[in-house]
>>> print(open('run01.cif').read())   # mmCIF, C-alpha atoms and all ligand atoms
data_protein
#
loop_
_atom_site.label_atom_id
_atom_site.label_comp_id
_atom_site.auth_asym_id
_atom_site.auth_seq_id
_atom_site.Cartn_x
_atom_site.Cartn_y
_atom_site.Cartn_z
CA MET L 246 -9.40 13.55 27.41
CA ALA L 247 -8.33 9.94 28.16
CA ARG L 248 -5.86 8.38 25.76
CA PRO L 249 -7.86 6.40 23.15
CA GLY L 250 -7.60 2.59 23.01
CA VAL L 251 -5.28 1.09 20.41
CA ILE L 252 -6.68 -1.48 17.96
CA LEU L 253 -4.04 -3.83 16.56
CA PRO L 254 -4.29 -5.96 13.43
CA ILE L 255 -4.79 -9.67 13.98
CA LEU L 256 -3.10 -12.28 11.74
CA GLN L 257 0.00 -10.20 11.11
CA ASN L 258 3.61 -10.65 12.24
CA TRP L 259 6.47 -8.25 11.91
CA SER L 260 10.03 -7.70 13.07
CA CYS L 261 12.69 -5.72 11.23
CA HIS L 262 15.19 -7.87 9.32
CA ASN L 263 17.53 -5.00 8.47
CA CYS L 264 17.25 -5.11 4.69
CA GLY L 265 17.89 -1.35 4.73
CA GLY L 266 15.16 -0.77 2.14
CA CYS L 267 13.19 1.83 4.09
CA CYS L 268 16.43 3.75 4.76
CA ARG L 269 16.84 4.18 0.99
CA GLU L 270 13.26 4.44 -0.24
CA HIS L 271 11.93 7.14 2.08
CA GLN L 272 12.55 10.82 2.54
CA ILE L 273 12.50 11.24 6.32
CA VAL L 274 10.99 14.52 7.50
CA ILE L 275 12.09 15.44 11.01
CA THR L 276 10.73 17.94 13.52
CA ALA L 277 12.66 20.97 14.81
CA GLU L 278 13.09 19.11 18.12
CA GLU L 279 14.55 16.06 16.34
CA LYS L 280 16.89 18.32 14.37
CA LYS L 281 18.20 19.81 17.64
CA ARG L 282 18.65 16.32 19.08
CA ILE L 283 20.68 15.17 16.06
CA ASP L 284 22.76 18.35 16.18
CA ARG L 285 23.54 17.63 19.85
CA GLN L 286 24.68 14.09 18.98
CA LYS L 287 27.89 15.62 17.53
CA TRP L 288 28.60 13.23 14.61
CA THR L 289 32.18 13.19 13.31
CA SER L 290 34.34 11.25 10.84
CA ALA L 291 35.19 8.88 13.73
CA ASP L 292 31.57 7.66 13.41
CA GLY L 293 32.07 6.97 9.70
CA ILE L 294 30.36 10.15 8.49
CA ALA L 295 32.54 12.56 6.49
CA ASP L 296 33.01 15.91 8.26
CA ASP L 297 31.77 17.82 5.19
CA GLN L 298 28.64 15.63 4.80
CA PRO L 299 25.49 17.58 5.81
CA LEU L 300 23.28 15.41 8.02
CA ILE L 301 20.09 17.38 7.55
CA VAL L 302 18.81 19.30 4.54
CA ALA L 303 16.06 21.91 4.35
CA HIS L 304 13.20 21.09 1.99
CA GLY L 305 10.76 24.00 1.77
CA THR L 306 9.74 24.61 5.36
CA ASP L 307 10.68 21.04 6.39
CA PHE L 308 13.91 19.45 7.49
CA ARG L 309 14.86 16.03 6.12
CA LEU L 310 17.62 13.53 6.81
CA ASN L 311 20.23 13.76 4.06
CA HIS L 312 21.18 10.84 1.79
CA GLN L 313 24.55 9.46 0.72
CA ALA L 314 25.68 9.39 -2.91
CA ASP L 315 24.21 5.88 -3.39
CA GLY L 316 20.81 7.00 -2.07
CA ALA L 317 21.13 5.48 1.43
CA CYS L 318 20.19 7.56 4.47
CA VAL L 319 23.20 9.49 5.76
CA PHE L 320 23.03 7.44 8.97
CA LEU L 321 22.94 3.99 7.31
CA ASP L 322 26.26 2.22 7.83
CA GLU L 323 28.01 -0.33 5.61
CA ARG L 324 26.40 -3.23 7.57
CA GLY L 325 22.92 -1.86 6.79
CA LEU L 326 22.39 -0.63 10.37
CA CYS L 327 21.35 2.80 11.63
CA ARG L 328 24.21 4.69 13.24
CA ILE L 329 21.86 6.63 15.56
CA HIS L 330 20.32 3.37 16.77
CA SER L 331 23.73 1.71 17.23
CA LYS L 332 25.24 4.62 19.17
CA PHE L 333 22.32 6.08 21.15
CA GLY L 334 19.56 3.42 21.07
CA GLU L 335 16.28 3.24 19.22
CA ALA L 336 14.60 6.04 21.19
CA ALA L 337 17.13 8.55 19.79
CA LYS L 338 15.93 8.01 16.19
CA PRO L 339 13.36 10.31 14.54
CA LEU L 340 9.76 9.24 15.10
CA ALA L 341 9.19 8.56 11.38
CA CYS L 342 12.00 5.96 11.42
CA ARG L 343 10.73 4.31 14.59
CA ALA L 344 7.13 4.19 13.33
CA TYR L 345 7.82 2.48 9.95
CA PRO L 346 6.26 0.14 8.83
CA TYR L 347 3.41 0.90 11.22
CA ALA L 348 0.76 3.44 10.31
CA VAL L 349 -1.30 4.84 13.20
CA HIS L 350 -4.67 6.49 12.52
CA PRO L 351 -7.26 7.98 14.89
CA SER L 352 -10.69 6.38 14.37
CA GLY L 353 -13.59 7.46 16.57
CA ASN L 354 -12.62 6.89 20.17
CA SER L 355 -9.78 4.55 19.21
CA VAL L 356 -6.51 4.54 17.37
CA THR L 357 -6.01 1.87 14.71
CA VAL L 358 -2.67 0.42 13.69
CA SER L 359 -2.05 -0.73 10.14
CA LEU L 360 1.14 -1.83 8.39
CA ARG L 361 2.84 -0.89 5.16
CA PHE L 362 3.41 -3.90 2.96
CA SER L 363 6.32 -2.14 1.27
CA CYS L 364 8.45 -3.73 4.01
CA PRO L 365 9.41 -7.24 2.85
CA SER L 366 9.12 -8.59 6.40
CA VAL L 367 5.48 -7.44 6.53
CA VAL L 368 4.57 -8.90 3.16
CA GLN L 369 6.21 -12.23 4.10
CA ASN L 370 4.62 -12.16 7.57
CA LEU L 371 8.00 -12.58 9.29
CA GLY L 372 8.74 -11.91 12.93
CA GLU L 373 6.82 -11.48 16.16
CA PRO L 374 2.99 -11.38 16.12
CA VAL L 375 1.92 -7.72 16.09
CA ALA L 376 -0.64 -8.53 18.81
CA GLN L 377 2.30 -9.30 21.15
CA GLN L 378 3.84 -5.86 20.57
CA ARG L 379 1.01 -4.01 22.30
CA GLN L 380 3.09 -2.08 24.82
CA THR L 381 5.50 -0.75 22.17
CA LEU L 382 2.65 0.15 19.86
CA GLU L 383 0.67 1.90 22.58
CA GLU L 384 3.74 4.02 23.36
CA LEU L 385 4.23 4.76 19.67
CA ALA L 386 0.54 5.66 19.24
CA GLY L 387 0.87 7.94 22.27
CA GLU L 388 3.64 9.86 20.50
CA ILE L 389 1.83 10.06 17.17
CA VAL L 390 -1.68 10.95 18.37
CA PRO L 391 -1.50 14.19 20.40
CA SER L 392 -2.77 14.30 23.98
CA ASN L 393 -5.40 16.91 23.02
CA TYR L 394 -6.76 14.31 20.60
CA GLN L 395 -10.06 15.23 18.96
CA ALA L 396 -12.02 12.32 17.49
CA PRO L 397 -12.13 12.95 13.72
CA ASP L 398 -15.37 12.78 11.72
CA ALA L 399 -16.12 9.32 10.38
CA PRO L 400 -15.48 8.86 6.65
CA GLN L 401 -18.50 9.43 4.43
CA LEU L 402 -20.09 6.38 2.78
CA PHE L 403 -19.96 8.15 -0.57
CA ALA L 404 -19.65 11.85 -1.35
CA GLY L 405 -22.39 13.73 0.52
CA GLN L 406 -23.51 10.70 2.63
CA PRO L 407 -22.23 11.01 6.21
CA MET L 408 -21.84 7.99 8.47
CA SER L 409 -21.39 7.65 12.22
CA TRP L 410 -18.42 5.72 13.63
CA PRO L 411 -20.72 2.79 14.66
CA ASP L 412 -21.99 2.62 11.03
CA VAL L 413 -18.40 2.54 9.78
CA LEU L 414 -17.34 -0.19 12.21
CA LEU L 415 -20.35 -2.34 11.34
CA LEU L 416 -19.70 -1.95 7.63
CA LEU L 417 -16.00 -2.71 8.09
CA ALA L 418 -16.75 -5.90 10.02
CA PHE L 419 -19.10 -6.99 7.27
CA VAL L 420 -16.64 -6.31 4.45
CA GLU L 421 -13.89 -8.10 6.35
CA ARG L 422 -16.08 -11.16 6.96
CA GLY L 423 -17.09 -11.23 3.31
CA LEU L 424 -13.45 -11.29 2.20
CA ALA L 425 -12.12 -13.68 4.83
CA ILE L 426 -14.81 -16.34 5.21
CA GLY L 427 -16.19 -18.88 2.77
CA LYS L 428 -15.13 -21.72 0.50
CA ALA L 429 -14.90 -19.60 -2.63
CA ASN L 430 -11.54 -18.28 -3.80
CA PHE L 431 -10.48 -14.73 -2.92
CA ALA L 432 -11.35 -13.31 -6.36
CA THR L 433 -14.96 -14.55 -6.00
CA ARG L 434 -15.24 -13.16 -2.47
CA LEU L 435 -13.90 -9.81 -3.60
CA LEU L 436 -16.37 -9.66 -6.49
CA ARG L 437 -19.22 -10.39 -4.09
CA VAL L 438 -18.22 -7.55 -1.79
CA LEU L 439 -17.90 -5.22 -4.79
CA THR L 440 -21.43 -6.27 -5.83
CA TRP L 441 -23.06 -5.51 -2.51
CA ILE L 442 -21.07 -2.29 -2.08
CA GLU L 443 -22.61 -1.19 -5.37
CA LEU L 444 -26.09 -2.18 -4.15
CA LEU L 445 -25.43 -0.24 -0.94
CA GLU L 446 -24.58 2.83 -3.00
CA LYS L 447 -28.07 2.67 -4.51
CA THR L 448 -29.82 2.21 -1.16
CA PRO L 449 -32.11 5.06 0.00
CA ARG L 450 -30.08 7.35 2.22
CA ASP L 451 -32.41 7.11 5.24
CA ALA L 452 -31.69 3.34 5.41
CA ILE L 453 -28.03 4.01 6.14
CA ASN L 454 -27.82 3.94 9.91
CA VAL L 455 -26.58 1.32 12.30
CA GLU L 456 -30.04 -0.29 12.98
CA GLN L 457 -31.05 -0.49 9.33
CA LEU L 458 -27.57 -1.57 8.20
CA GLY L 459 -27.72 -4.48 10.66
CA HIS L 460 -30.73 -5.85 8.70
CA LEU L 461 -29.66 -4.70 5.26
CA LEU L 462 -26.08 -5.97 5.05
CA PRO L 463 -26.91 -9.72 5.43
CA LEU L 464 -29.56 -9.34 2.69
CA LEU L 465 -27.09 -7.62 0.37
CA HIS L 466 -24.52 -10.32 1.07
CA GLU L 467 -27.02 -13.12 0.26
CA ALA L 468 -27.96 -11.37 -2.98
CA SER L 469 -24.28 -11.12 -3.95
CA VAL L 470 -23.71 -14.84 -3.20
CA ARG L 471 -26.68 -15.74 -5.42
CA ALA L 472 -25.28 -13.50 -8.15
CA GLN L 473 -21.78 -14.94 -7.71
CA PRO L 474 -21.81 -18.63 -6.65
CA ASP L 475 -18.66 -20.43 -5.44
CA ASP L 476 -16.20 -21.44 -8.17
CA ASP L 477 -18.14 -19.80 -10.94
CA LEU L 478 -16.12 -16.67 -11.53
CA PRO L 479 -17.35 -14.88 -14.64
CA LEU L 480 -14.64 -14.01 -17.11
CA VAL L 481 -15.36 -10.53 -18.40
CA GLU L 482 -12.62 -9.05 -20.51
CA PRO L 483 -11.87 -5.44 -19.52
CA THR L 484 -12.55 -2.85 -22.21
CA GLY L 485 -9.79 -0.86 -23.93
CA ILE L 486 -10.60 2.24 -21.85
CA GLY L 487 -10.75 0.14 -18.69
CA ARG L 488 -7.31 -1.27 -19.40
CA THR L 489 -5.85 2.16 -20.22
CA LEU L 490 -7.13 3.65 -16.95
CA PHE L 491 -5.86 0.59 -15.07
CA ARG L 492 -2.36 0.77 -16.59
CA GLN L 493 -2.20 4.47 -15.65
CA LEU L 494 -2.97 3.48 -12.08
CA VAL L 495 -0.31 0.73 -12.17
CA ALA L 496 2.26 3.22 -13.54
CA GLN L 497 1.57 5.57 -10.63
CA LEU L 498 1.78 2.72 -8.13
CA LEU L 499 5.10 1.56 -9.61
CA ARG L 500 6.72 4.98 -9.67
CA HIS L 501 9.05 5.50 -6.70
CA ASP L 502 10.29 9.02 -6.06
CA THR L 503 13.41 8.58 -3.98
CA ASP L 504 16.43 10.73 -3.34
CA MET L 505 18.11 9.03 -6.33
CA THR L 506 15.24 9.84 -8.74
CA ALA L 507 15.24 13.45 -7.51
CA ARG L 508 18.88 13.58 -8.58
CA GLY L 509 17.95 12.35 -12.09
CA GLY L 510 17.41 15.96 -13.21
CA PHE L 511 15.72 16.91 -16.48
CA MET L 512 16.56 13.65 -18.26
CA GLY L 513 15.21 11.64 -15.35
CA ARG L 514 11.93 13.61 -15.45
CA MET L 515 11.66 13.11 -19.23
CA ARG L 516 12.13 9.37 -18.80
CA LEU L 517 9.36 9.24 -16.19
CA LEU L 518 7.08 11.17 -18.56
CA SER L 519 7.85 8.86 -21.46
CA ASP L 520 7.25 5.77 -19.24
CA GLY L 521 3.86 7.22 -18.25
CA VAL L 522 2.88 7.66 -21.91
CA ARG L 523 3.99 4.10 -22.75
CA PHE L 524 1.89 2.71 -19.91
CA ALA L 525 -1.15 4.68 -21.11
CA LEU L 526 -0.73 3.44 -24.70
CA GLY L 527 0.03 -0.14 -23.66
CA ARG L 528 1.91 -0.91 -26.88
CA GLY L 529 5.34 -2.47 -27.30
CA HIS L 530 7.38 -3.46 -24.25
CA VAL L 531 6.75 -2.48 -20.63
CA PRO L 532 9.30 0.20 -19.67
CA ALA L 533 12.05 -1.11 -17.40
CA MET L 534 11.71 0.18 -13.86
CA ALA L 535 14.18 -0.50 -11.08
CA ASP L 536 12.80 -2.59 -8.22
CA PRO L 537 12.92 -0.90 -4.82
CA ILE L 538 16.09 -1.89 -2.96
CA SER L 539 14.15 -3.80 -0.27
CA VAL L 540 12.44 -5.87 -2.99
CA ARG L 541 15.80 -6.53 -4.68
CA VAL L 542 17.34 -7.67 -1.41
CA ALA L 543 14.39 -9.82 -0.36
CA PHE L 544 13.16 -11.32 -3.62
CA SER L 545 15.50 -10.94 -6.54
CA ARG L 546 17.61 -13.84 -7.68
CA ARG L 547 19.57 -11.36 -9.79
CA SER L 548 22.42 -9.38 -8.29
CA ALA L 549 21.33 -6.06 -6.78
CA LYS L 550 21.69 -3.61 -9.62
CA SER L 551 21.91 0.12 -9.29
CA PRO L 552 18.73 1.90 -10.43
CA GLU L 553 20.58 3.11 -13.52
CA SER L 554 21.71 -0.32 -14.66
CA ALA L 555 18.32 -1.86 -13.87
CA ALA L 556 16.70 0.83 -16.02
CA ASN L 557 18.74 -0.40 -18.98
CA THR L 558 17.25 -3.89 -19.07
CA SER L 559 14.46 -3.12 -21.57
CA ALA L 560 15.45 -6.13 -23.71
CA ALA L 561 14.28 -8.41 -20.87
CA MET L 562 10.98 -6.62 -20.36
CA PRO L 563 7.84 -8.36 -21.68
CA ALA L 564 5.44 -6.89 -24.21
CA PHE L 565 2.25 -5.43 -22.71
CA SER L 566 0.25 -7.94 -24.78
CA GLN L 567 2.10 -10.86 -23.13
CA LEU L 568 0.67 -9.82 -19.76
CA GLU L 569 -2.90 -10.36 -20.97
CA LYS L 570 -2.47 -14.16 -21.13
CA GLU L 571 -3.28 -16.55 -18.26
CA PHE L 572 -0.68 -16.65 -15.48
CA GLY L 573 -2.37 -18.86 -12.84
CA GLY L 574 -3.10 -16.18 -10.23
CA ARG L 575 -5.75 -18.13 -8.25
CA ASN L 576 -4.08 -20.23 -5.63
CA ALA L 577 -4.72 -20.79 -1.90
CA GLU L 578 -1.23 -19.50 -0.96
CA PHE L 579 -1.77 -16.24 -2.86
CA ASP L 580 -5.25 -15.93 -1.36
CA GLU L 581 -3.80 -16.14 2.16
CA LEU L 582 -1.59 -13.14 1.41
CA PHE L 583 -4.43 -11.13 -0.13
CA VAL L 584 -6.78 -11.88 2.78
CA ARG L 585 -4.09 -10.79 5.25
CA TYR L 586 -3.34 -7.62 3.25
CA PHE L 587 -7.00 -6.61 2.95
CA ARG L 588 -7.73 -7.36 6.59
CA VAL L 589 -4.77 -5.29 7.82
CA LYS L 590 -5.81 -2.35 5.62
CA LEU L 591 -9.48 -2.66 6.65
CA GLN L 592 -8.81 -3.07 10.38
CA GLY L 593 -6.36 -0.17 10.27
CA LEU L 594 -8.80 2.04 8.26
CA HIS L 595 -5.89 2.46 5.86
CA PHE L 596 -8.07 2.88 2.76
CA CYS L 597 -10.50 5.75 3.38
CA GLY L 598 -11.04 8.94 5.36
CA ARG L 599 -8.14 10.83 6.92
CA ALA L 600 -5.66 8.02 6.31
CA PHE L 601 -6.43 7.85 2.60
CA TYR L 602 -6.78 11.17 0.79
CA ASP L 603 -10.10 11.89 2.61
CA MET L 604 -11.84 9.41 0.32
CA PRO L 605 -15.33 8.16 1.20
CA PHE L 606 -15.62 4.53 2.32
CA ILE L 607 -16.89 3.16 -1.02
CA ASP L 608 -14.35 4.92 -3.25
CA GLY L 609 -11.58 3.98 -0.81
CA PHE L 610 -12.66 0.34 -0.82
CA ARG L 611 -12.69 0.33 -4.63
CA SER L 612 -9.14 1.74 -4.57
CA LEU L 613 -8.16 -1.07 -2.23
CA ALA L 614 -9.91 -3.66 -4.44
CA LEU L 615 -7.85 -2.44 -7.41
CA MET L 616 -4.68 -3.36 -5.52
CA TYR L 617 -5.64 -6.98 -6.24
CA PRO L 618 -5.45 -6.84 -10.07
CA ALA L 619 -2.59 -4.30 -9.85
CA THR L 620 -0.52 -6.71 -7.73
CA LEU L 621 -1.29 -9.58 -10.10
CA TRP L 622 -0.36 -7.44 -13.14
CA VAL L 623 3.02 -6.52 -11.63
CA ALA L 624 3.56 -10.17 -10.58
CA ARG L 625 2.89 -11.22 -14.22
CA MET L 626 5.45 -8.66 -15.36
CA ARG L 627 8.03 -10.12 -12.96
CA ALA L 628 7.31 -13.70 -14.05
CA ALA L 629 7.41 -12.81 -17.78
CA ARG L 630 10.64 -10.85 -17.26
CA ASP L 631 12.19 -14.07 -15.96
CA GLY L 632 10.79 -16.08 -18.89
CA ARG L 633 8.06 -17.79 -16.86
CA THR L 634 4.37 -18.13 -17.77
CA VAL L 635 3.01 -18.78 -14.27
CA VAL L 636 3.28 -16.44 -11.28
CA SER L 637 4.83 -17.67 -8.02
CA LEU L 638 4.28 -16.56 -4.41
CA PRO L 639 7.54 -14.51 -4.39
CA ASP L 640 6.29 -12.72 -7.57
CA ILE L 641 3.08 -11.77 -5.75
CA GLN L 642 4.92 -10.77 -2.55
CA ALA L 643 7.47 -8.67 -4.46
CA ALA L 644 4.73 -7.04 -6.54
CA LEU L 645 2.72 -6.10 -3.46
CA ALA L 646 5.82 -4.81 -1.64
CA THR L 647 6.60 -2.65 -4.68
CA ILE L 648 3.19 -1.04 -5.16
CA ASP L 649 2.00 -0.73 -1.56
CA HIS L 650 4.81 1.82 -1.08
CA ASN L 651 2.59 4.40 -2.81
CA PHE L 652 -0.85 3.24 -1.67
CA GLY L 653 -2.16 6.08 0.49
CA TYR L 654 1.16 7.96 0.34
CA SER L 655 1.81 9.06 -3.24
CA PRO L 656 0.40 12.61 -3.67
CA ALA L 657 -0.43 11.68 -7.30
CA LEU L 658 -2.94 9.04 -6.14
CA GLY L 659 -4.75 11.64 -4.02
CA MET L 660 -5.24 14.12 -6.85
CA ALA L 661 -8.68 14.81 -8.32
CA ALA L 662 -7.81 13.01 -11.59
CA ALA L 663 -6.80 9.84 -9.73
CA LYS L 664 -9.99 9.90 -7.64
CA LYS L 665 -12.07 10.40 -10.80
CA ARG L 666 -10.32 7.42 -12.41
CA ILE L 667 -11.59 5.14 -9.62
CA GLN L 668 -15.15 6.46 -10.07
CA GLN L 669 -14.94 6.08 -13.84
CA LEU L 670 -13.72 2.48 -13.58
CA ALA L 671 -16.60 1.75 -11.17
CA ARG L 672 -19.21 3.42 -13.43
CA MET L 673 -17.98 1.37 -16.40
CA GLN L 674 -18.16 -1.88 -14.33
CA GLN L 675 -14.46 -2.38 -14.94
CA ILE L 676 -13.26 -3.10 -11.38
CA PRO L 677 -14.82 -6.62 -11.21
CA ALA L 678 -13.70 -7.27 -14.81
CA LEU L 679 -10.07 -6.32 -13.94
CA CYS L 680 -10.15 -8.46 -10.78
CA SER L 681 -11.34 -11.58 -12.58
CA TRP L 682 -9.24 -11.03 -15.76
CA TYR L 683 -5.86 -10.62 -14.04
CA SER L 684 -6.54 -13.38 -11.48
CA ARG L 685 -6.53 -16.04 -14.26
S1 LIG K 701 12.15 -2.33 5.02
FE1 LIG K 701 11.38 -3.49 6.81
S2 LIG K 701 12.88 -5.15 7.16
FE2 LIG K 701 13.85 -3.63 5.78
S3 LIG K 701 15.00 -2.26 7.20
FE3 LIG K 701 12.99 -1.31 6.85
S4 LIG K 701 11.67 -2.07 8.53
FE4 LIG K 701 13.50 -3.41 8.45
#
>>> encode(input="run01.cif", output="structure tokens", more="lines below")
Ligand code: SF4
Amino acid sequence: MARPGVILPILQNWSCHNCGGCCREHQIVITAEEKKRIDRQKWTSADGIADDQPLIVAHGTDFRLNHQADGACVFLDERGLCRIHSKFGEAAKPLACRAYPYAVHPSGNSVTVSLRFSCPSVVQNLGEPVAQQRQTLEELAGEIVPSNYQAPDAPQLFAGQPMSWPDVLLLLAFVERGLAIGKANFATRLLRVLTWIELLEKTPRDAINVEQLGHLLPLLHEASVRAQPDDDLPLVEPTGIGRTLFRQLVAQLLRHDTDMTARGGFMGRMRLLSDGVRFALGRGHVPAMADPISVRVAFSRRSAKSPESAANTSAAMPAFSQLEKEFGGRNAEFDELFVRYFRVKLQGLHFCGRAFYDMPFIDGFRSLALMYPATLWVARMRAARDGRTVVSLPDIQAALATIDHNFGYSPALGMAAAKKRIQQLARMQQIPALCSWYSR
């Protein structure tokens, strides 16, 4: 079969700025072939790697790159550069290292490319336009998608409702237009899309095909605009249960399981458990959580603290109740970032189907929609921690870089309980309430 075409995100730039964050935050699984290649590279103390330092560790049936005592990849040098890259060139690195922050997913007869906003250069839109990196990305996609590529089934619309790839692409284009175009602020546009997605869920099943959708979607959009005019965002306070479920989601998005946390042992696991309970209760102060290293390097005005010392800053953490006040989250600069984020995730199909816990389109889109209030909640926490009452663009960027690390990757977010939480929030009409409440 011919190699599928590669669809790149528009509006997004990226080049690596060597913050070293991904070399500390990720456990890199390598193939048997990559293990042999690294073994053949014959690393010695002359390269700055101690002779007794294992380079590769077994993890179950996998092999992973080892980490140094401070959590950095065994190949990260003191300048923040990869030793394999410096000595043998980029092509000698494991595929997982070369692919980050790109995420490549088969979709119908094409391959889509999305990006992970956990990289500070992605979230800040720094570097070369992705559209100009076509050749590199086509080569990368060729390595990731096997030559005996079989087009996967399209994601379902909702559980039990299949869709064809043309249905999916039409729906995607419509959602993207709804979020990107119009005079209303992003929160209003998002609420409109959530409204017509809900109407679509109630549509008779035989109307869900590409011909009918072509007529139906504009009507649903018009109905949602009538229900939600420009600049008239309803303020609905989320319920207690809605907030509890939301804080549980935020806690899972904030939790980063790195090599350092794995070394935390029993006490480390107990602290994570206790933090989870405190998030669910929402009383007292927000537990202190160390920022990812890339976020500390890119956004923090404080000195880069070790995870242990950062975890001891509870005195500076705000009370949960403080984060329910207004923080000025609606602003054209913030909206530009959210539009870019949503468009990259939509164009890259990085929110449903194979790339996202096999979730149907609607549940996956609701998960993506919840990234909006979750980002704003974490941005409020950052602002309040610094004694401010208004969020800034770096707060929003740092918040998104922190929580997108887990979006689509944390096994906890793919578990049945996490999927049910999204459905429960939708049934209780809490997703629009959370979006409007935390955007104030
Ligand atoms: S997190 Fe991004 S900018 Fe930092 S080293 Fe990794 S790819 Fe480069």
>>> residues_near_ligand(input="run01.cif", ligand="ligand LIG 701 (chain K)", cutoff="12 Å", atoms="only C-alpha atoms and all ligand atoms", output="PyMOL selection string")
chain L and resi 258-271+317-318+321+324-327+341-347+360-372+537-543+646-647+650
>>> write_last_selection(input="run01.cif", atoms="C-alpha atoms", output="short mmCIF file (atom, residue, chain, number, x, y, z; two decimals), in the frame of the given file")
data_model
loop_
_atom_site.label_atom_id
_atom_site.label_comp_id
_atom_site.auth_asym_id
_atom_site.auth_seq_id
_atom_site.Cartn_x
_atom_site.Cartn_y
_atom_site.Cartn_z
CA ASN L 258 3.61 -10.65 12.24
CA TRP L 259 6.47 -8.25 11.91
CA SER L 260 10.03 -7.70 13.07
CA CYS L 261 12.69 -5.72 11.23
CA HIS L 262 15.19 -7.87 9.32
CA ASN L 263 17.53 -5.00 8.47
CA CYS L 264 17.25 -5.11 4.69
CA GLY L 265 17.89 -1.35 4.73
CA GLY L 266 15.16 -0.77 2.14
CA CYS L 267 13.19 1.83 4.09
CA CYS L 268 16.43 3.75 4.76
CA ARG L 269 16.84 4.18 0.99
CA GLU L 270 13.26 4.44 -0.24
CA HIS L 271 11.93 7.14 2.08
CA ALA L 317 21.13 5.48 1.43
CA CYS L 318 20.19 7.56 4.47
CA LEU L 321 22.94 3.99 7.31
CA ARG L 324 26.40 -3.23 7.57
CA GLY L 325 22.92 -1.86 6.79
CA LEU L 326 22.39 -0.63 10.37
CA CYS L 327 21.35 2.80 11.63
CA ALA L 341 9.19 8.56 11.38
CA CYS L 342 12.00 5.96 11.42
CA ARG L 343 10.73 4.31 14.59
CA ALA L 344 7.13 4.19 13.33
CA TYR L 345 7.82 2.48 9.95
CA PRO L 346 6.26 0.14 8.83
CA TYR L 347 3.41 0.90 11.22
CA LEU L 360 1.14 -1.83 8.39
CA ARG L 361 2.84 -0.89 5.16
CA PHE L 362 3.41 -3.90 2.96
CA SER L 363 6.32 -2.14 1.27
CA CYS L 364 8.45 -3.73 4.01
CA PRO L 365 9.41 -7.24 2.85
CA SER L 366 9.12 -8.59 6.40
CA VAL L 367 5.48 -7.44 6.53
CA VAL L 368 4.57 -8.90 3.16
CA GLN L 369 6.21 -12.23 4.10
CA ASN L 370 4.62 -12.16 7.57
CA LEU L 371 8.00 -12.58 9.29
CA GLY L 372 8.74 -11.91 12.93
CA PRO L 537 12.92 -0.90 -4.82
CA ILE L 538 16.09 -1.89 -2.96
CA SER L 539 14.15 -3.80 -0.27
CA VAL L 540 12.44 -5.87 -2.99
CA ARG L 541 15.80 -6.53 -4.68
CA VAL L 542 17.34 -7.67 -1.41
CA ALA L 543 14.39 -9.82 -0.36
CA ALA L 646 5.82 -4.81 -1.64
CA THR L 647 6.60 -2.65 -4.68
CA HIS L 650 4.81 1.82 -1.08
#
>>> axis_aligned_box(input="run01.cif", around="range 589-593 of chain L", padding_each_side="3 Å", output="lines of an AutoDock Vina configuration file")
center_x = -7.1
center_y = -2.7
center_z = 8.0
size_x = 10.7
size_y = 11.1
size_z = 10.8
>>> atom_distance(input="run01.cif", atom1="CA of Ser359 in chain L", atom2="CA of Lys590 in chain L")
6.1 Å
>>> residues_around(input="run01.cif", residues="range 404-412 of chain L", least_positions_apart="6", cutoff="12 Å", atoms="all atoms listed in the file", output="number ranges by chain")
L: 351-355, 396-398, 418-419, 445-459, 462, 594, 597-598, 603-609, 664, 668
>>> write_last_selection(input="run01.cif", atoms="C-alpha atoms", output="short mmCIF file (atom, residue, chain, number, x, y, z; two decimals), keeping the file's coordinate frame")
data_model
loop_
_atom_site.label_atom_id
_atom_site.label_comp_id
_atom_site.auth_asym_id
_atom_site.auth_seq_id
_atom_site.Cartn_x
_atom_site.Cartn_y
_atom_site.Cartn_z
CA PRO L 351 -7.26 7.98 14.89
CA SER L 352 -10.69 6.38 14.37
CA GLY L 353 -13.59 7.46 16.57
CA ASN L 354 -12.62 6.89 20.17
CA SER L 355 -9.78 4.55 19.21
CA ALA L 396 -12.02 12.32 17.49
CA PRO L 397 -12.13 12.95 13.72
CA ASP L 398 -15.37 12.78 11.72
CA ALA L 418 -16.75 -5.90 10.02
CA PHE L 419 -19.10 -6.99 7.27
CA LEU L 445 -25.43 -0.24 -0.94
CA GLU L 446 -24.58 2.83 -3.00
CA LYS L 447 -28.07 2.67 -4.51
CA THR L 448 -29.82 2.21 -1.16
CA PRO L 449 -32.11 5.06 0.00
CA ARG L 450 -30.08 7.35 2.22
CA ASP L 451 -32.41 7.11 5.24
CA ALA L 452 -31.69 3.34 5.41
CA ILE L 453 -28.03 4.01 6.14
CA ASN L 454 -27.82 3.94 9.91
CA VAL L 455 -26.58 1.32 12.30
CA GLU L 456 -30.04 -0.29 12.98
CA GLN L 457 -31.05 -0.49 9.33
CA LEU L 458 -27.57 -1.57 8.20
CA GLY L 459 -27.72 -4.48 10.66
CA LEU L 462 -26.08 -5.97 5.05
CA LEU L 594 -8.80 2.04 8.26
CA CYS L 597 -10.50 5.75 3.38
CA GLY L 598 -11.04 8.94 5.36
CA ASP L 603 -10.10 11.89 2.61
CA MET L 604 -11.84 9.41 0.32
CA PRO L 605 -15.33 8.16 1.20
CA PHE L 606 -15.62 4.53 2.32
CA ILE L 607 -16.89 3.16 -1.02
CA ASP L 608 -14.35 4.92 -3.25
CA GLY L 609 -11.58 3.98 -0.81
CA LYS L 664 -9.99 9.90 -7.64
CA GLN L 668 -15.15 6.46 -10.07
#
